[in-house]
$ cat final.txt   # compact mmCIF, C-alpha atoms
# COMPACT_ATOMS: atom_id res chain seq x y z
CA MET A 1 -136.06 -42.31 -64.02
CA GLY A 2 -133.43 -43.54 -61.55
CA SER A 3 -130.51 -45.76 -62.42
CA LYS A 4 -130.38 -49.43 -61.57
CA ILE A 5 -127.41 -51.26 -60.21
CA LYS A 6 -127.14 -54.44 -62.25
CA ARG A 7 -123.83 -56.10 -61.47
CA TYR A 8 -123.14 -55.54 -57.77
CA HIS A 9 -124.91 -56.91 -54.74
CA VAL A 10 -124.34 -56.13 -51.09
CA GLU A 11 -124.58 -59.28 -49.03
CA LYS A 12 -125.85 -59.46 -45.49
CA HIS A 13 -122.90 -59.47 -43.11
CA SER A 14 -122.58 -58.48 -39.52
CA VAL A 15 -119.45 -56.72 -38.34
CA GLU A 16 -117.70 -58.74 -35.66
CA TYR A 17 -115.62 -57.36 -32.77
CA GLY A 18 -112.43 -58.74 -34.34
CA ASP A 19 -113.16 -57.07 -37.69
CA LEU A 20 -112.45 -53.59 -36.30
CA VAL A 21 -109.07 -52.01 -35.64
CA GLU A 22 -108.54 -51.43 -31.91
CA ASN A 23 -110.20 -48.22 -30.63
CA THR A 24 -112.09 -47.61 -33.88
CA ILE A 25 -115.16 -46.86 -31.78
CA GLN A 26 -114.79 -44.85 -28.58
CA ILE A 27 -117.42 -43.52 -26.24
CA ALA A 28 -116.82 -40.71 -23.74
CA ILE A 29 -119.05 -40.89 -20.66
CA PRO A 30 -119.22 -37.88 -18.34
CA VAL A 31 -119.88 -38.86 -14.71
CA HIS A 32 -121.15 -35.71 -12.99
CA LEU A 33 -119.92 -35.82 -9.41
CA LEU A 34 -121.08 -32.36 -8.36
CA ALA A 35 -124.84 -32.30 -8.90
CA ASP A 36 -125.36 -28.58 -8.29
CA GLU A 37 -123.19 -25.52 -7.87
CA VAL A 38 -121.80 -25.11 -4.38
CA SER A 39 -120.31 -22.10 -2.60
CA VAL A 40 -117.63 -23.08 -0.10
CA SER A 41 -116.05 -21.08 2.68
CA ILE A 42 -112.32 -20.64 2.03
CA ASP A 43 -111.41 -18.76 5.23
CA SER A 44 -110.48 -21.98 7.06
CA THR A 45 -108.81 -25.23 6.03
CA GLY A 46 -110.35 -28.65 5.62
CA VAL A 47 -112.81 -30.55 3.47
CA MET A 48 -115.68 -28.12 2.88
CA HIS A 49 -117.84 -30.26 0.58
CA GLN A 50 -117.99 -33.86 -0.58
CA CYS A 51 -120.42 -35.63 -2.88
CA GLY A 52 -120.85 -37.92 -5.86
CA ASP A 53 -120.18 -41.25 -4.16
CA PHE A 54 -120.00 -44.22 -6.51
CA LYS A 55 -118.41 -47.65 -6.62
CA VAL A 56 -115.90 -48.59 -9.31
CA THR A 57 -116.93 -51.90 -10.88
CA SER A 58 -114.85 -54.25 -12.98
CA GLU A 59 -117.30 -53.71 -15.86
CA MET A 60 -116.78 -49.95 -15.60
CA VAL A 61 -113.04 -50.28 -16.24
CA LYS A 62 -113.08 -53.30 -18.58
CA HIS A 63 -112.82 -51.19 -21.76
CA LEU A 64 -111.44 -48.03 -20.13
CA LYS A 65 -108.85 -46.31 -22.33
CA GLU A 66 -108.65 -42.82 -20.76
CA ALA A 67 -110.07 -41.05 -17.70
CA TYR A 68 -109.87 -37.43 -16.59
CA LEU A 69 -111.11 -35.41 -13.64
CA SER A 70 -112.26 -31.92 -14.63
CA ALA A 71 -113.74 -29.04 -12.67
CA TYR A 72 -115.01 -25.51 -13.15
CA ALA A 73 -114.96 -22.79 -10.49
CA LEU A 74 -115.68 -19.10 -10.42
CA ASP A 75 -113.04 -16.64 -9.24
CA PRO A 76 -112.92 -16.60 -5.41
CA SER A 77 -113.88 -13.56 -3.35
CA ALA A 78 -110.29 -13.48 -2.00
CA THR A 79 -107.19 -14.64 -3.89
CA ASP A 80 -104.96 -15.83 -1.03
CA ALA A 81 -106.51 -19.31 -0.57
CA THR A 82 -105.67 -22.65 -2.18
CA VAL A 83 -108.49 -25.11 -2.85
CA LYS A 84 -108.21 -28.62 -4.26
CA VAL A 85 -110.96 -30.51 -6.07
CA GLU A 86 -110.01 -34.08 -5.22
CA LEU A 87 -111.08 -37.45 -6.57
CA TYR A 88 -110.98 -39.37 -3.32
CA ASN A 89 -110.82 -43.12 -2.65
CA VAL A 90 -113.12 -43.49 0.38
CA THR A 91 -112.33 -47.19 0.83
CA ASP A 92 -108.58 -46.66 1.28
CA ALA A 93 -108.75 -43.03 2.53
CA GLU A 94 -106.46 -41.60 -0.17
CA VAL A 95 -106.54 -38.93 -2.85
CA ILE A 96 -106.36 -40.34 -6.39
CA THR A 97 -105.83 -37.01 -8.18
CA TYR A 98 -106.65 -33.36 -7.64
CA LEU A 99 -107.07 -30.03 -9.40
CA GLU A 100 -105.66 -27.01 -7.59
CA TYR A 101 -107.18 -23.53 -7.54
CA ALA A 102 -104.74 -21.00 -6.05
CA GLY A 103 -106.68 -17.74 -5.87
CA GLU A 104 -108.27 -18.36 -9.27
CA GLY A 105 -111.25 -19.83 -11.03
CA GLY A 106 -111.71 -21.44 -14.43
CA PHE A 107 -111.79 -24.86 -16.08
CA LYS A 108 -109.12 -27.41 -15.17
CA GLU A 109 -108.51 -31.02 -16.17
CA SER A 110 -106.21 -33.70 -14.78
CA SER A 111 -103.83 -35.88 -16.72
CA ASP A 112 -105.04 -39.35 -17.75
CA ILE A 113 -105.83 -41.46 -14.66
CA ALA A 114 -107.18 -44.58 -16.42
CA SER A 115 -104.35 -46.84 -15.25
CA THR A 116 -105.05 -45.88 -11.63
CA LEU A 117 -108.83 -46.36 -11.95
CA LYS A 118 -108.31 -49.84 -13.38
CA THR A 119 -106.75 -50.89 -10.06
CA LEU A 120 -109.70 -49.60 -8.00
CA ALA A 121 -112.46 -52.10 -8.85
CA GLY A 122 -114.67 -52.55 -5.79
CA LYS A 123 -113.61 -49.24 -4.22
CA GLN A 124 -115.91 -46.37 -3.28
CA LEU A 125 -114.93 -42.97 -4.73
CA ARG A 126 -116.22 -39.41 -4.30
CA VAL A 127 -115.23 -35.85 -5.07
CA ARG A 128 -114.09 -33.52 -2.28
CA ILE A 129 -113.49 -29.78 -2.17
CA ASN A 130 -110.60 -29.32 0.21
CA VAL A 131 -109.21 -25.94 1.36
CA THR A 132 -105.49 -26.51 1.94
CA THR A 133 -104.48 -22.85 2.50
CA ALA A 134 -107.07 -20.61 4.14
CA SER A 135 -107.75 -17.04 3.12
CA ALA A 136 -107.00 -14.30 5.65
CA THR A 137 -110.24 -12.61 4.53
CA THR A 138 -113.18 -13.38 6.82
CA ASP A 139 -116.16 -14.93 5.03
CA ALA A 140 -114.20 -15.49 1.78
CA THR A 141 -115.89 -17.97 -0.56
CA GLN A 142 -115.48 -19.71 -3.88
CA VAL A 143 -118.21 -21.17 -6.07
CA PHE A 144 -117.70 -24.52 -7.81
CA ARG A 145 -120.05 -25.29 -10.69
CA ALA A 146 -118.82 -28.65 -11.96
CA ALA A 147 -116.76 -31.70 -11.09
CA VAL A 148 -116.84 -34.40 -13.76
CA LEU A 149 -115.06 -37.70 -14.22
CA ARG A 150 -114.80 -38.30 -17.98
CA LEU A 151 -114.41 -41.97 -18.90
CA VAL A 152 -113.34 -42.85 -22.44
CA LEU A 153 -114.19 -46.43 -23.40
CA GLY A 154 -112.80 -48.23 -26.44
CA ILE A 155 -115.34 -50.77 -27.57
CA SER A 156 -113.46 -52.11 -30.55
$ encode --input "final.txt" --output "structure tokens"
Amino acid sequence: MGSKIKRYHVEKHSVEYGDLVENTIQIAIPVHLLADEVSVSIDSTGVMHQCGDFKVTSEMVKHLKEAYLSAYALDPSATDATVKVELYNVTDAEVITYLEYAGEGGFKESSDIASTLKTLAGKQLRVRINVTTASATTDATQVFRAAVLRLVLGIS
């Protein structure tokens, strides 16, 4: 037979927002800005691909604690080009942050950009793949498989 608890009773009590230490509960939300892998030409300069448009809302940044842009690319077919994966503010026509691929592939992540994002409520953002130094190799390409904005929210 099982034991019985005779002396102690757990009362009904809801946990209130103020009962928790700040940042006790955090949620990381990945915002996928590149929906599918894309192969871009790197033998000329300029913006070769852009996608993932979204509007920053005040609710989106209300509990924002951290934010990072990350990207993954395969090794390019030629190593003499420089390509930037940029988080771009369409409304004000300016780059917020970027990840640079100089003749290489791999996973990269930005520093924390939460403080900047908090100032951009109402602005339209997107990701851009921008070739800043062209390859001398004709028909050189690089494949990008992911561009993600990771938002970390503290709800306590």
$ atom_distance --input "final.txt" --atom1 "CA of Ser44 (chain A)" --atom2 "CA of Gln124 (chain A)"
27.0 Å
$ atom_distance --input "final.txt" --atom1 "CA of Gln26 (chain A)" --atom2 "CA of Ala114 (chain A)"
14.3 Å
$ closest_atom_pairs --input "final.txt" --of "region 3-103 of chain A" --to "region 133-137 of chain A" --cutoff "9 Å" --atoms "all atoms listed in the file" --output "Markdown table"
| residue | atom | partner | partner_atom | distance |
| --- | --- | --- | --- | --- |
| A:Ile42 | CA | A:Ala134 | CA | 5.7 |
| A:Asp43 | CA | A:Ser135 | CA | 4.6 |
| A:Ser44 | CA | A:Ala134 | CA | 4.7 |
| A:Thr45 | CA | A:Ala134 | CA | 5.3 |
| A:Gly46 | CA | A:Ala134 | CA | 8.8 |
| A:Ser77 | CA | A:Thr137 | CA | 8.7 |
| A:Ala78 | CA | A:Thr137 | CA | 6.6 |
| A:Thr79 | CA | A:Ser135 | CA | 7.4 |
| A:Asp80 | CA | A:Ser135 | CA | 5.1 |
| A:Ala81 | CA | A:Ser135 | CA | 4.5 |
| A:Thr82 | CA | A:Thr133 | CA | 4.8 |
| A:Val83 | CA | A:Thr133 | CA | 7.1 |
| A:Ala102 | CA | A:Thr133 | CA | 8.8 |
$ residues_around --input "final.txt" --residues "region 22-25 of chain A" --least-positions-apart "4" --cutoff "9 Å" --atoms "only C-alpha atoms" --output "list in words"
Gly18, Lys65, Leu153, Gly154, Ile155 and Ser156 of chain A
$ closest_residue --input "final.txt" --among "A:Val85, A:Gly103, A:Ser39, A:Tyr68" --to "Ile129 (chain A)" --atoms "only C-alpha atoms"
A:Val85
$ atom_distance --input "final.txt" --atom1 "CA of Pro76 (chain A)" --atom2 "CA of Val31 (chain A)"
25.1 Å
$ residues_near_point --input "final.txt" --point "(-108.6, -50.6, -16.0)" --cutoff "8 Å" --atoms "all atoms listed in the file" --output "number ranges by chain"
A: 58, 61-65, 114-119
$ write_last_selection --input "final.txt" --atoms "C-alpha atoms" --output "compact mmCIF listing (two decimals), in the coordinates of the input"
# COMPACT_ATOMS: atom_id res chain seq x y z
CA SER A 58 -114.85 -54.25 -12.98
CA VAL A 61 -113.04 -50.28 -16.24
CA LYS A 62 -113.08 -53.30 -18.58
CA HIS A 63 -112.82 -51.19 -21.76
CA LEU A 64 -111.44 -48.03 -20.13
CA LYS A 65 -108.85 -46.31 -22.33
CA ALA A 114 -107.18 -44.58 -16.42
CA SER A 115 -104.35 -46.84 -15.25
CA THR A 116 -105.05 -45.88 -11.63
CA LEU A 117 -108.83 -46.36 -11.95
CA LYS A 118 -108.31 -49.84 -13.38
CA THR A 119 -106.75 -50.89 -10.06
$ residues_near_point --input "final.txt" --point "(-119.4, -46.8, -4.9)" --cutoff "9 Å" --atoms "all atoms listed in the file" --output "PyMOL selection string"
chain A and resi 53-57+90+122-126
$ closest_residue --input "final.txt" --among "A:Val127, A:Ala121, A:Ala28, A:Ala71" --to "Ile96 (chain A)" --atoms "all atoms listed in the file"
A:Val127
$ closest_residue --input "final.txt" --among "A:Leu69, A:Ala147, A:Leu20, A:Val152" --to "His32 (chain A)" --atoms "only C-alpha atoms"
A:Ala147
$ closest_residue --input "final.txt" --among "A:Arg128, A:Arg145, A:Lys108, A:Arg150" --to "Glu86 (chain A)" --atoms "all atoms listed in the file"
A:Arg128
$ closest_residue --input "final.txt" --among "A:Glu104, A:Glu16, A:Glu94, A:Glu66" --to "Val143 (chain A)" --atoms "all atoms listed in the file"
A:Glu104
$ closest_residue --input "final.txt" --among "A:Asp139, A:Glu100, A:Tyr72, A:Met60" --to "Asp36 (chain A)" --atoms "all atoms listed in the file"
A:Tyr72
$ build_atoms --input "final.txt" --residues "region 129-140 of chain A" --atoms "all heavy atoms" --output "mmCIF file, keeping the file's coordinate frame"
data_model
loop_
_atom_site.group_PDB
_atom_site.id
_atom_site.type_symbol
_atom_site.label_atom_id
_atom_site.label_comp_id
_atom_site.auth_asym_id
_atom_site.auth_seq_id
_atom_site.Cartn_x
_atom_site.Cartn_y
_atom_site.Cartn_z
ATOM 1 N N ILE A 129 -114.040 -31.120 -2.014
ATOM 2 C CA ILE A 129 -113.490 -29.780 -2.170
ATOM 3 C C ILE A 129 -112.781 -29.470 -0.862
ATOM 4 O O ILE A 129 -113.412 -29.360 0.194
ATOM 5 C CB ILE A 129 -114.591 -28.754 -2.498
ATOM 6 C CG1 ILE A 129 -115.273 -29.145 -3.812
ATOM 7 C CG2 ILE A 129 -113.993 -27.353 -2.589
ATOM 8 C CD1 ILE A 129 -116.469 -28.294 -4.182
ATOM 9 N N ASN A 130 -111.454 -29.383 -0.955
ATOM 10 C CA ASN A 130 -110.600 -29.320 0.210
ATOM 11 C C ASN A 130 -109.798 -28.015 0.209
ATOM 12 O O ASN A 130 -108.998 -27.780 -0.704
ATOM 13 C CB ASN A 130 -109.658 -30.533 0.212
ATOM 14 C CG ASN A 130 -108.835 -30.658 1.472
ATOM 15 O OD1 ASN A 130 -109.024 -29.935 2.427
ATOM 16 N ND2 ASN A 130 -107.915 -31.606 1.458
ATOM 17 N N VAL A 131 -109.985 -27.183 1.219
ATOM 18 C CA VAL A 131 -109.210 -25.940 1.360
ATOM 19 C C VAL A 131 -107.913 -26.299 2.066
ATOM 20 O O VAL A 131 -107.918 -26.722 3.220
ATOM 21 C CB VAL A 131 -109.995 -24.866 2.149
ATOM 22 C CG1 VAL A 131 -109.155 -23.605 2.303
ATOM 23 C CG2 VAL A 131 -111.317 -24.561 1.476
ATOM 24 N N THR A 132 -106.786 -26.145 1.364
ATOM 25 C CA THR A 132 -105.490 -26.510 1.940
ATOM 26 C C THR A 132 -104.734 -25.297 2.485
ATOM 27 O O THR A 132 -103.884 -25.443 3.347
ATOM 28 C CB THR A 132 -104.622 -27.255 0.917
ATOM 29 O OG1 THR A 132 -104.471 -26.448 -0.247
ATOM 30 C CG2 THR A 132 -105.265 -28.593 0.544
ATOM 31 N N THR A 133 -105.027 -24.104 1.963
ATOM 32 C CA THR A 133 -104.480 -22.850 2.500
ATOM 33 C C THR A 133 -105.656 -21.889 2.638
ATOM 34 O O THR A 133 -106.298 -21.545 1.646
ATOM 35 C CB THR A 133 -103.428 -22.227 1.559
ATOM 36 O OG1 THR A 133 -102.398 -23.183 1.314
ATOM 37 C CG2 THR A 133 -102.832 -20.971 2.163
ATOM 38 N N ALA A 134 -105.920 -21.475 3.879
ATOM 39 C CA ALA A 134 -107.070 -20.610 4.140
ATOM 40 C C ALA A 134 -106.781 -19.166 3.757
ATOM 41 O O ALA A 134 -105.648 -18.707 3.821
ATOM 42 C CB ALA A 134 -107.448 -20.681 5.616
ATOM 43 N N SER A 135 -107.844 -18.472 3.390
ATOM 44 C CA SER A 135 -107.750 -17.040 3.120
ATOM 45 C C SER A 135 -107.736 -16.279 4.444
ATOM 46 O O SER A 135 -108.388 -16.681 5.409
ATOM 47 C CB SER A 135 -108.946 -16.585 2.289
ATOM 48 O OG SER A 135 -108.954 -15.184 2.175
ATOM 49 N N ALA A 136 -107.012 -15.174 4.469
ATOM 50 C CA ALA A 136 -107.000 -14.300 5.650
ATOM 51 C C ALA A 136 -108.247 -13.414 5.687
ATOM 52 O O ALA A 136 -108.515 -12.747 6.686
ATOM 53 C CB ALA A 136 -105.744 -13.436 5.643
ATOM 54 N N THR A 137 -109.029 -13.426 4.617
ATOM 55 C CA THR A 137 -110.240 -12.610 4.530
ATOM 56 C C THR A 137 -111.418 -13.356 5.147
ATOM 57 O O THR A 137 -111.776 -14.447 4.697
ATOM 58 C CB THR A 137 -110.550 -12.273 3.052
ATOM 59 O OG1 THR A 137 -109.417 -11.645 2.468
ATOM 60 C CG2 THR A 137 -111.763 -11.365 2.945
ATOM 61 N N THR A 138 -112.021 -12.783 6.166
ATOM 62 C CA THR A 138 -113.180 -13.380 6.820
ATOM 63 C C THR A 138 -114.334 -13.503 5.831
ATOM 64 O O THR A 138 -114.582 -12.600 5.043
ATOM 65 C CB THR A 138 -113.617 -12.518 8.019
ATOM 66 O OG1 THR A 138 -112.495 -12.373 8.898
ATOM 67 C CG2 THR A 138 -114.772 -13.150 8.779
ATOM 68 N N ASP A 139 -115.004 -14.633 5.876
ATOM 69 C CA ASP A 139 -116.160 -14.930 5.030
ATOM 70 C C ASP A 139 -115.824 -15.046 3.538
ATOM 71 O O ASP A 139 -116.723 -14.935 2.691
ATOM 72 C CB ASP A 139 -117.281 -13.906 5.228
ATOM 73 C CG ASP A 139 -117.847 -13.936 6.644
ATOM 74 O OD1 ASP A 139 -117.836 -15.031 7.242
ATOM 75 O OD2 ASP A 139 -118.284 -12.883 7.129
ATOM 76 N N ALA A 140 -114.570 -15.286 3.187
ATOM 77 C CA ALA A 140 -114.200 -15.490 1.780
ATOM 78 C C ALA A 140 -114.817 -16.800 1.290
ATOM 79 O O ALA A 140 -114.901 -17.784 2.028
ATOM 80 C CB ALA A 140 -112.684 -15.533 1.633
#
